[in-house]
file run.tsv (TSV, C-alpha atoms and all ligand atoms)
chain	number	residue	atom	x	y	z
A	7	MET	CA	-14.17	17.18	-10.32
A	8	SER	CA	-13.58	16.38	-6.66
A	9	LYS	CA	-10.19	14.88	-5.98
A	10	ARG	CA	-9.01	13.06	-2.93
A	11	SER	CA	-5.92	15.24	-2.89
A	12	ASP	CA	-4.70	18.03	-5.07
A	13	VAL	CA	-1.39	18.21	-3.24
A	14	LEU	CA	0.65	16.57	-5.94
A	15	SER	CA	1.81	17.77	-9.27
A	16	ILE	CA	3.79	15.45	-11.45
A	17	GLY	CA	7.15	16.46	-12.85
A	18	ALA	CA	8.52	18.87	-10.28
A	19	ALA	CA	12.18	19.18	-11.20
A	20	ALA	CA	13.65	19.44	-7.72
A	21	ASP	CA	16.42	17.34	-6.16
A	22	GLY	CA	17.82	16.48	-9.58
A	23	ALA	CA	14.84	14.33	-10.52
A	24	PRO	CA	13.76	14.06	-14.15
A	25	GLN	CA	10.79	16.12	-15.32
A	26	ASP	CA	8.63	13.52	-17.03
A	27	GLY	CA	6.16	11.72	-14.84
A	28	THR	CA	8.34	11.80	-11.74
A	29	PRO	CA	6.11	10.90	-8.81
A	30	MET	CA	6.98	13.87	-6.66
A	31	ALA	CA	5.01	16.49	-4.86
A	32	ASP	CA	4.93	20.21	-5.32
A	33	GLN	CA	7.88	21.14	-3.10
A	34	THR	CA	5.94	23.86	-1.31
A	35	GLU	CA	3.33	21.41	0.05
A	36	PRO	CA	3.82	19.02	2.98
A	37	VAL	CA	4.21	15.36	2.18
A	38	ARG	CA	3.78	12.33	4.38
A	39	VAL	CA	6.40	10.19	2.64
A	40	ARG	CA	9.42	11.54	0.79
A	41	ALA	CA	11.78	9.14	-0.99
A	42	ARG	CA	14.70	10.43	-3.06
A	43	GLY	CA	17.20	8.18	-4.82
A	44	LEU	CA	16.41	5.42	-2.38
A	45	SER	CA	18.58	2.35	-2.73
A	46	ILE	CA	17.81	-0.86	-0.87
A	47	GLY	CA	19.91	-4.00	-0.78
A	48	TYR	CA	19.98	-7.32	1.00
A	49	ARG	CA	23.12	-8.73	2.52
A	50	LEU	CA	23.94	-12.12	1.02
A	51	ARG	CA	27.08	-13.75	2.44
A	52	GLY	CA	30.07	-11.97	3.82
A	53	ASP	CA	30.22	-8.48	2.34
A	54	GLU	CA	28.17	-9.36	-0.74
A	55	GLU	CA	25.03	-7.36	-1.24
A	56	PHE	CA	22.13	-7.82	-3.63
A	57	VAL	CA	20.77	-4.47	-4.76
A	58	ALA	CA	17.02	-4.98	-5.10
A	59	VAL	CA	16.08	-1.33	-5.64
A	60	ALA	CA	18.64	1.12	-7.02
A	61	ASP	CA	16.66	4.34	-7.22
A	62	ALA	CA	13.20	4.98	-5.84
A	63	THR	CA	12.01	8.58	-5.96
A	64	PHE	CA	8.44	9.40	-5.01
A	65	ASP	CA	6.21	11.29	-2.60
A	66	ILE	CA	2.97	10.43	-0.88
A	67	GLY	CA	0.78	13.36	0.14
A	68	PRO	CA	-1.14	13.39	3.46
A	69	SER	CA	-4.36	12.01	2.00
A	70	GLU	CA	-3.08	10.28	-1.10
A	71	MET	CA	-3.25	6.64	-2.11
A	72	VAL	CA	-0.22	5.83	-4.25
A	73	CYS	CA	-0.03	2.45	-5.96
A	74	ILE	CA	3.08	0.66	-7.18
A	75	VAL	CA	2.91	-1.88	-9.97
A	76	GLY	CA	5.82	-3.70	-11.54
A	77	PRO	CA	7.10	-7.10	-12.63
A	78	SER	CA	7.41	-9.81	-10.01
A	79	GLY	CA	10.65	-9.45	-8.07
A	80	CYS	CA	11.19	-5.80	-9.03
A	81	GLY	CA	11.30	-4.71	-5.40
A	82	LYS	CA	7.75	-3.56	-4.60
A	83	SER	CA	7.64	-5.32	-1.23
A	84	THR	CA	11.18	-4.17	-0.55
A	85	VAL	CA	10.18	-0.52	-0.95
A	86	LEU	CA	7.09	-1.02	1.20
A	87	GLY	CA	9.23	-2.76	3.83
A	88	ALA	CA	11.63	0.19	3.85
A	89	VAL	CA	8.79	2.69	4.34
A	90	ALA	CA	7.43	0.47	7.13
A	91	GLY	CA	10.87	0.55	8.77
A	92	LEU	CA	11.23	-3.22	8.48
A	93	VAL	CA	13.91	-3.23	5.73
A	94	PRO	CA	16.93	-0.91	6.10
A	95	TYR	CA	17.96	1.22	3.12
A	96	ARG	CA	21.56	1.69	2.04
A	97	ALA	CA	21.46	5.14	0.41
A	98	GLY	CA	19.16	8.02	-0.44
A	99	VAL	CA	16.51	9.84	1.54
A	100	LEU	CA	13.45	8.25	3.13
A	101	GLU	CA	11.36	10.40	5.42
A	102	VAL	CA	7.92	10.06	6.99
A	103	ASP	CA	6.55	13.41	8.15
A	104	GLY	CA	9.99	14.95	7.75
A	105	GLN	CA	11.76	12.38	9.95
A	106	PRO	CA	14.21	9.83	8.51
A	107	VAL	CA	12.80	6.30	8.76
A	108	SER	CA	14.86	4.31	11.25
A	109	GLY	CA	12.49	1.49	12.22
A	110	PRO	CA	8.81	0.56	12.63
A	111	ALA	CA	6.51	3.05	14.38
A	112	SER	CA	2.86	3.28	15.35
A	113	ASP	CA	2.21	6.03	12.78
A	114	ARG	CA	2.47	3.35	10.05
A	115	ALA	CA	0.52	0.12	9.71
A	116	VAL	CA	1.03	-2.69	7.23
A	117	VAL	CA	-1.63	-4.91	5.68
A	118	PHE	CA	-0.01	-8.01	4.20
A	119	GLN	CA	-1.49	-10.54	1.80
A	120	LYS	CA	-1.90	-13.07	4.58
A	121	ALA	CA	-4.10	-11.87	7.41
A	122	ALA	CA	-2.03	-13.70	10.11
A	123	LEU	CA	-4.72	-13.40	12.78
A	124	LEU	CA	-4.17	-15.02	16.17
A	125	PRO	CA	-6.32	-18.19	15.97
A	126	TRP	CA	-6.95	-18.38	19.72
A	127	ASN	CA	-8.31	-14.81	19.89
A	128	THR	CA	-11.77	-13.65	18.88
A	129	VAL	CA	-12.10	-11.28	15.94
A	130	GLU	CA	-12.63	-8.43	18.39
A	131	ASP	CA	-9.51	-9.29	20.39
A	132	ASN	CA	-7.45	-9.65	17.22
A	133	VAL	CA	-8.38	-6.08	16.31
A	134	ALA	CA	-7.79	-4.89	19.89
A	135	TYR	CA	-4.42	-6.69	20.11
A	136	GLY	CA	-2.29	-3.85	18.73
A	137	LEU	CA	-3.88	-1.33	21.05
A	138	ARG	CA	-3.29	-3.64	24.02
A	139	CYS	CA	0.38	-3.85	22.97
A	140	TYR	CA	0.53	-0.05	23.12
A	141	GLY	CA	-0.78	-0.22	26.69
A	142	GLU	CA	-4.50	0.42	26.14
A	143	LYS	CA	-6.79	-1.15	28.77
A	144	LYS	CA	-8.91	-4.15	27.77
A	145	GLU	CA	-12.37	-2.59	27.63
A	146	PRO	CA	-11.47	0.65	25.77
A	147	ALA	CA	-9.42	-1.44	23.31
A	148	ARG	CA	-12.38	-3.74	22.72
A	149	GLU	CA	-14.71	-0.80	22.32
A	150	ARG	CA	-12.44	0.70	19.66
A	151	ALA	CA	-12.20	-2.74	18.01
A	152	ARG	CA	-15.99	-2.96	17.81
A	153	GLU	CA	-16.18	0.51	16.18
A	154	LEU	CA	-13.68	-0.61	13.57
A	155	LEU	CA	-15.47	-3.90	12.99
A	156	LYS	CA	-18.58	-1.89	12.31
A	157	LEU	CA	-16.61	0.20	9.79
A	158	VAL	CA	-15.55	-2.93	7.91
A	159	GLY	CA	-19.01	-4.52	8.17
A	160	LEU	CA	-18.12	-7.26	10.66
A	161	GLU	CA	-19.79	-6.11	13.86
A	162	SER	CA	-21.85	-9.30	14.14
A	163	PHE	CA	-18.65	-11.40	13.98
A	164	ALA	CA	-16.90	-9.72	16.92
A	165	LYS	CA	-17.08	-12.86	19.06
A	166	SER	CA	-16.25	-15.28	16.24
A	167	TYR	CA	-12.84	-16.87	15.78
A	168	PRO	CA	-10.71	-16.43	12.65
A	169	TYR	CA	-11.34	-20.00	11.42
A	170	GLN	CA	-15.07	-19.16	11.25
A	171	LEU	CA	-14.44	-16.37	8.72
A	172	SER	CA	-14.03	-16.48	4.94
A	173	GLY	CA	-10.76	-15.25	3.43
A	174	GLY	CA	-12.38	-11.93	2.59
A	175	MET	CA	-13.69	-11.51	6.15
A	176	GLN	CA	-10.28	-12.33	7.58
A	177	GLN	CA	-8.76	-9.64	5.41
A	178	ARG	CA	-11.42	-7.16	6.59
A	179	THR	CA	-10.43	-8.01	10.15
A	180	ASN	CA	-6.83	-7.43	9.17
A	181	LEU	CA	-7.75	-4.02	7.79
A	182	ALA	CA	-9.63	-3.13	10.99
A	183	ARG	CA	-6.57	-4.21	12.97
A	184	ALA	CA	-4.33	-1.97	10.87
A	185	LEU	CA	-6.68	0.98	11.47
A	186	ALA	CA	-6.84	0.37	15.23
A	187	ALA	CA	-3.90	2.54	16.27
A	188	ASP	CA	-5.14	5.30	13.94
A	189	PRO	CA	-1.97	5.40	11.83
A	190	ASN	CA	-1.30	8.31	9.46
A	191	LEU	CA	0.01	5.98	6.81
A	192	LEU	CA	-1.30	2.59	5.69
A	193	LEU	CA	0.92	0.25	3.71
A	194	PHE	CA	-0.75	-2.49	1.70
A	195	ASP	CA	1.29	-5.33	0.22
A	196	GLU	CA	-1.00	-7.10	-2.27
A	197	PRO	CA	-3.69	-7.51	0.41
A	198	PHE	CA	-6.31	-8.99	-1.91
A	199	ALA	CA	-4.02	-11.18	-4.01
A	200	SER	CA	-5.15	-14.49	-2.51
A	201	LEU	CA	-8.89	-13.76	-2.72
A	202	ASP	CA	-11.18	-14.96	-5.49
A	203	ALA	CA	-12.35	-12.40	-8.05
A	204	GLN	CA	-15.69	-11.66	-6.39
A	205	GLN	CA	-14.26	-11.27	-2.88
A	206	ARG	CA	-11.47	-9.13	-4.25
A	207	GLU	CA	-13.94	-6.77	-5.91
A	208	MET	CA	-16.02	-6.56	-2.73
A	209	LEU	CA	-12.94	-5.75	-0.67
A	210	GLN	CA	-11.83	-3.13	-3.17
A	211	ASP	CA	-15.25	-1.47	-2.86
A	212	GLU	CA	-15.01	-1.72	0.91
A	213	LEU	CA	-11.55	-0.16	0.95
A	214	MET	CA	-12.72	2.73	-1.27
A	215	ARG	CA	-15.58	3.40	1.14
A	216	ILE	CA	-13.35	3.25	4.21
A	217	TRP	CA	-10.69	5.32	2.49
A	218	SER	CA	-13.17	8.08	1.72
A	219	ALA	CA	-14.19	8.10	5.38
A	220	THR	CA	-10.71	8.10	6.94
A	221	ALA	CA	-8.53	10.35	4.70
A	222	LYS	CA	-5.16	8.77	5.40
A	223	ALA	CA	-2.06	8.40	3.27
A	224	GLY	CA	-1.56	5.02	1.65
A	225	LEU	CA	0.95	3.01	-0.33
A	226	PHE	CA	-0.69	0.10	-2.13
A	227	ILE	CA	1.33	-2.62	-3.86
A	228	THR	CA	-0.43	-4.73	-6.44
A	229	HIS	CA	0.32	-6.63	-9.61
A	230	GLN	CA	-3.23	-5.98	-10.88
A	231	ILE	CA	-3.25	-2.88	-13.05
A	232	ASP	CA	-7.01	-2.34	-12.80
A	233	GLU	CA	-6.81	-2.46	-9.01
A	234	ALA	CA	-4.08	0.20	-9.05
A	235	VAL	CA	-6.10	2.47	-11.37
A	236	LEU	CA	-9.23	2.00	-9.27
A	237	LEU	CA	-7.61	2.81	-5.92
A	238	GLY	CA	-4.76	5.19	-6.67
A	239	ASN	CA	-4.35	8.93	-7.01
A	240	ARG	CA	-1.22	7.94	-8.86
A	241	VAL	CA	0.23	4.68	-10.10
A	242	ILE	CA	4.00	4.31	-9.95
A	243	VAL	CA	5.47	1.90	-12.47
A	244	SER	CA	8.67	0.17	-11.42
A	245	THR	CA	11.30	-1.05	-13.86
A	246	LYS	CA	12.14	-4.74	-13.57
A	247	GLY	CA	14.71	-5.90	-11.02
A	248	PRO	CA	17.36	-6.29	-9.89
A	249	ALA	CA	18.49	-2.74	-9.16
A	250	SER	CA	15.10	-1.44	-10.25
A	251	ALA	CA	14.17	2.21	-10.65
A	252	ILE	CA	10.95	3.72	-9.34
A	253	ARG	CA	10.69	7.10	-10.97
A	254	ARG	CA	7.75	7.05	-13.39
A	255	SER	CA	4.11	7.49	-12.54
A	256	VAL	CA	0.73	8.07	-14.08
A	257	GLU	CA	-1.69	10.43	-12.39
A	258	ILE	CA	-5.15	8.89	-12.27
A	259	ASP	CA	-7.56	11.73	-12.81
A	260	LEU	CA	-10.75	9.82	-12.02
A	261	PRO	CA	-13.35	11.39	-9.71
A	262	TRP	CA	-13.43	10.87	-5.92
A	263	PRO	CA	-14.93	9.23	-4.05
A	264	ARG	CA	-14.08	6.14	-6.06
A	265	THR	CA	-16.91	3.61	-6.11
A	266	HIS	CA	-17.90	0.35	-7.75
A	267	GLU	CA	-18.99	2.41	-10.80
A	268	THR	CA	-15.54	3.97	-11.25
A	269	ARG	CA	-14.64	0.83	-13.21
A	270	LEU	CA	-17.16	1.96	-15.84
A	271	HIS	CA	-15.75	5.48	-16.18
A	272	PRO	CA	-14.93	6.23	-19.85
A	273	ASP	CA	-11.25	6.96	-18.98
A	274	PHE	CA	-10.71	3.84	-16.82
A	275	ALA	CA	-9.72	1.43	-19.59
A	276	GLY	CA	-7.39	4.03	-21.12
A	277	TYR	CA	-5.38	4.27	-17.88
A	278	VAL	CA	-5.19	0.49	-17.63
A	279	GLU	CA	-3.94	0.29	-21.22
A	280	GLN	CA	-1.36	3.05	-20.68
A	281	ILE	CA	0.12	1.32	-17.64
A	282	TRP	CA	-0.04	-2.09	-19.32
A	283	ARG	CA	2.09	-0.69	-22.17
A	284	MET	CA	4.63	0.74	-19.74
A	285	LEU	CA	4.87	-2.64	-18.01
A	286	SER	CA	5.07	-4.57	-21.27
A	287	ALA	CA	8.04	-2.45	-22.32
A	288	GLU	CA	9.66	-3.48	-19.00
A	289	GLU	CA	9.15	-7.15	-19.72
A	290	GLN	CA	11.27	-7.05	-22.91
A	291	PRO	CA	14.18	-9.48	-22.35
A	292	ASP	CA	17.00	-6.95	-22.68
A	293	ARG	CA	19.00	-8.12	-19.71
A	294	PRO	CA	19.46	-11.48	-18.01
A	295	PRO	CA	17.40	-12.17	-14.87
A	296	GLY	CA	18.95	-13.01	-11.50
A	297	PRO	CA	20.61	-11.20	-8.66
A	298	THR	CA	23.49	-8.76	-9.18
A	299	ALA	CA	26.13	-8.80	-6.50
A	300	VAL	CA	27.97	-5.52	-6.04
B	401	LIG	N1	15.42	-11.14	2.53
B	401	LIG	C1	15.92	-11.14	1.28
B	401	LIG	N2	17.22	-11.49	1.05
B	401	LIG	C2	17.74	-11.47	-0.19
B	401	LIG	N3	17.05	-11.09	-1.30
B	401	LIG	C3	15.76	-10.73	-1.13
B	401	LIG	C4	15.13	-10.74	0.16
B	401	LIG	N4	13.85	-10.32	0.02
B	401	LIG	C5	13.68	-10.09	-1.30
B	401	LIG	N5	14.82	-10.33	-1.99
B	401	LIG	C6	15.04	-10.16	-3.42
B	401	LIG	O1	14.81	-8.80	-3.73
B	401	LIG	C7	14.16	-8.69	-4.99
B	401	LIG	C8	12.88	-7.90	-4.81
B	401	LIG	O2	11.98	-8.68	-4.02
B	401	LIG	P1	10.53	-8.16	-3.64
B	401	LIG	O3	10.65	-6.80	-3.06
B	401	LIG	O4	9.90	-9.22	-2.81
B	401	LIG	O5	9.84	-8.05	-5.08
B	401	LIG	P2	8.29	-7.87	-5.47
B	401	LIG	O6	7.54	-7.56	-4.21
B	401	LIG	O7	8.30	-6.75	-6.47
B	401	LIG	O8	7.87	-9.16	-6.11
B	401	LIG	C9	13.94	-10.10	-5.50
B	401	LIG	O9	14.97	-10.42	-6.42
B	401	LIG	C10	14.04	-10.94	-4.24
B	401	LIG	O10	14.54	-12.24	-4.55
B	402	MG	MG	6.00	-8.55	-3.23
call {"tool": "encode", "arguments": {"input": "run.tsv", "output": "structure tokens", "more": "lines below"}}
Ligand SMILES: Nc1ncnc2c1ncn2[C@@H]1O[C@H](COP(=O)(O)OP(=O)(O)O)[C@@H](O)[C@H]1O
Ligand SMILES: [Mg+2]
result
Amino acid sequence: MSKRSDVLSIGAAADGAPQDGTPMADQTEPVRVRARGLSIGYRLRGDEEFVAVADATFDIGPSEMVCIVGPSGCGKSTVLGAVAGLVPYRAGVLEVDGQPVSGPASDRAVVFQKAALLPWNTVEDNVAYGLRCYGEKKEPARERARELLKLVGLESFAKSYPYQLSGGMQQRTNLARALAADPNLLLFDEPFASLDAQQREMLQDELMRIWSATAKAGLFITHQIDEAVLLGNRVIVSTKGPASAIRRSVEIDLPWPRTHETRLHPDFAGYVEQIWRMLSAEEQPDRPPGPTAV
């Protein structure tokens, strides 16, 4: 069976992590992202702090797509923001390519749920925008933008404006924009959540095709279990917040490249069910909701 990456083995017992289903890499192999005991909080007022994530421990290999699922408010976006360098962490280890994360960098790109394209720029110039910010000249930036628009199937819309595109096409543009600076790591925060079911499925297929062609590392946040199983090498299941823990994962041993037909694979529904059960156990009302100030 061809796999996108065979870098990772689940359950390595290094750094004091537990052995069952810990989403960590074989310690002898390089990893793109390394998080150990990561704790992330938000400052409320004065010295008060709300601990959103108490312990996130996971790795992402150089060509792996790792998905995180978990109850709403458990800290998925917070973890993604920390990896992006947009949200500071308070304790633990967080490294990208062996370097501690200290802020945003061009080796990482984020695809948010809302495309946030510049309405006064053409599709082509929206994709070229990031490259222009990094000092690329206009024509080479546009040329690269057109290549990427071809990759996402939008070459004939290069001169259109965002308002002329459907939601799905806007999100394709967003994806092309994220790929423009050729980042090593792509971070997706529920990018297809606002699309209708058909557009979502088309974009998932598109992403699988692009992913097979580009071989990057990815972190994909979603609340849709089937989306996580379809796209991920591994699915990390977060406990509910506040002070959530991100230490358990399920390795998705479905063949690569993933395609539209992967949904029909005999093991697909079993993975969905397994993760659904893990999440359902999380939803049991064993502690009161709401922020914890420490
Ligand atoms: N800027 C912020 N300031 C204070 N609390 C925040 C902030 N952003 C998120 N939170 C809180 O952190 C927790 C995790 O949020 P988030 O990461 O957005 O969860 P998810 O993406 O899993 O739905 C939630 O309780 C949320 O209210
Ligand atoms: Mg979120």
call {"tool": "residues_around", "arguments": {"input": "run.tsv", "residues": "A:Val129", "least_positions_apart": "2", "cutoff": "8 Å", "atoms": "only C-alpha atoms", "output": "PyMOL selection string"}}
result
chain A and resi 127+131-133+163-168+179
call {"tool": "residues_near_ligand", "arguments": {"input": "run.tsv", "ligand": "ligand LIG 401 (chain B)", "cutoff": "12 Å", "atoms": "all atoms listed in the file", "output": "PyMOL selection string"}}
result
chain A and resi 45-51+54-60+74-88+92-94+118-119+194-196+226-229+243-252+295-299
call {"tool": "residues_near_point", "arguments": {"input": "run.tsv", "point": "(-6.6, -11.5, 9.1)", "cutoff": "12 Å", "atoms": "all atoms listed in the file", "output": "ChimeraX atom specification"}}
result
/A:116-125,127-133,167-184,197-198
call {"tool": "atom_distance", "arguments": {"input": "run.tsv", "atom1": "atom CA of A:Tyr277", "atom2": "atom CA of A:Leu100"}}
result
28.5 Å
call {"tool": "atom_distance", "arguments": {"input": "run.tsv", "atom1": "atom CA of A:Val241", "atom2": "atom CA of A:Val72"}}
result
6.0 Å
call {"tool": "closest_residue", "arguments": {"input": "run.tsv", "among": "A:Val102, A:Ile216, A:Ala199, A:Ala275", "to": "ligand MG 402 (chain B)", "atoms": "only C-alpha atoms and all ligand atoms"}}
result
A:Ala199
call {"tool": "atom_distance", "arguments": {"input": "run.tsv", "atom1": "atom CA of A:Leu44", "atom2": "atom CA of A:Asp65"}}
result
11.8 Å
call {"tool": "residues_around", "arguments": {"input": "run.tsv", "residues": "A:Pro68", "least_positions_apart": "5", "cutoff": "6 Å", "atoms": "only C-alpha atoms", "output": "VMD selection string"}}
result
chain A and resid 37 to 38 223
call {"tool": "closest_residue", "arguments": {"input": "run.tsv", "among": "A:Val39, A:Pro146, A:Leu209, A:Asp53", "to": "A:Gly104", "atoms": "all atoms listed in the file"}}
result
A:Val39
call {"tool": "closest_residue", "arguments": {"input": "run.tsv", "among": "A:Ala41, A:Leu270, A:Ala151, A:Met71", "to": "A:Gly98", "atoms": "all atoms listed in the file"}}
result
A:Ala41
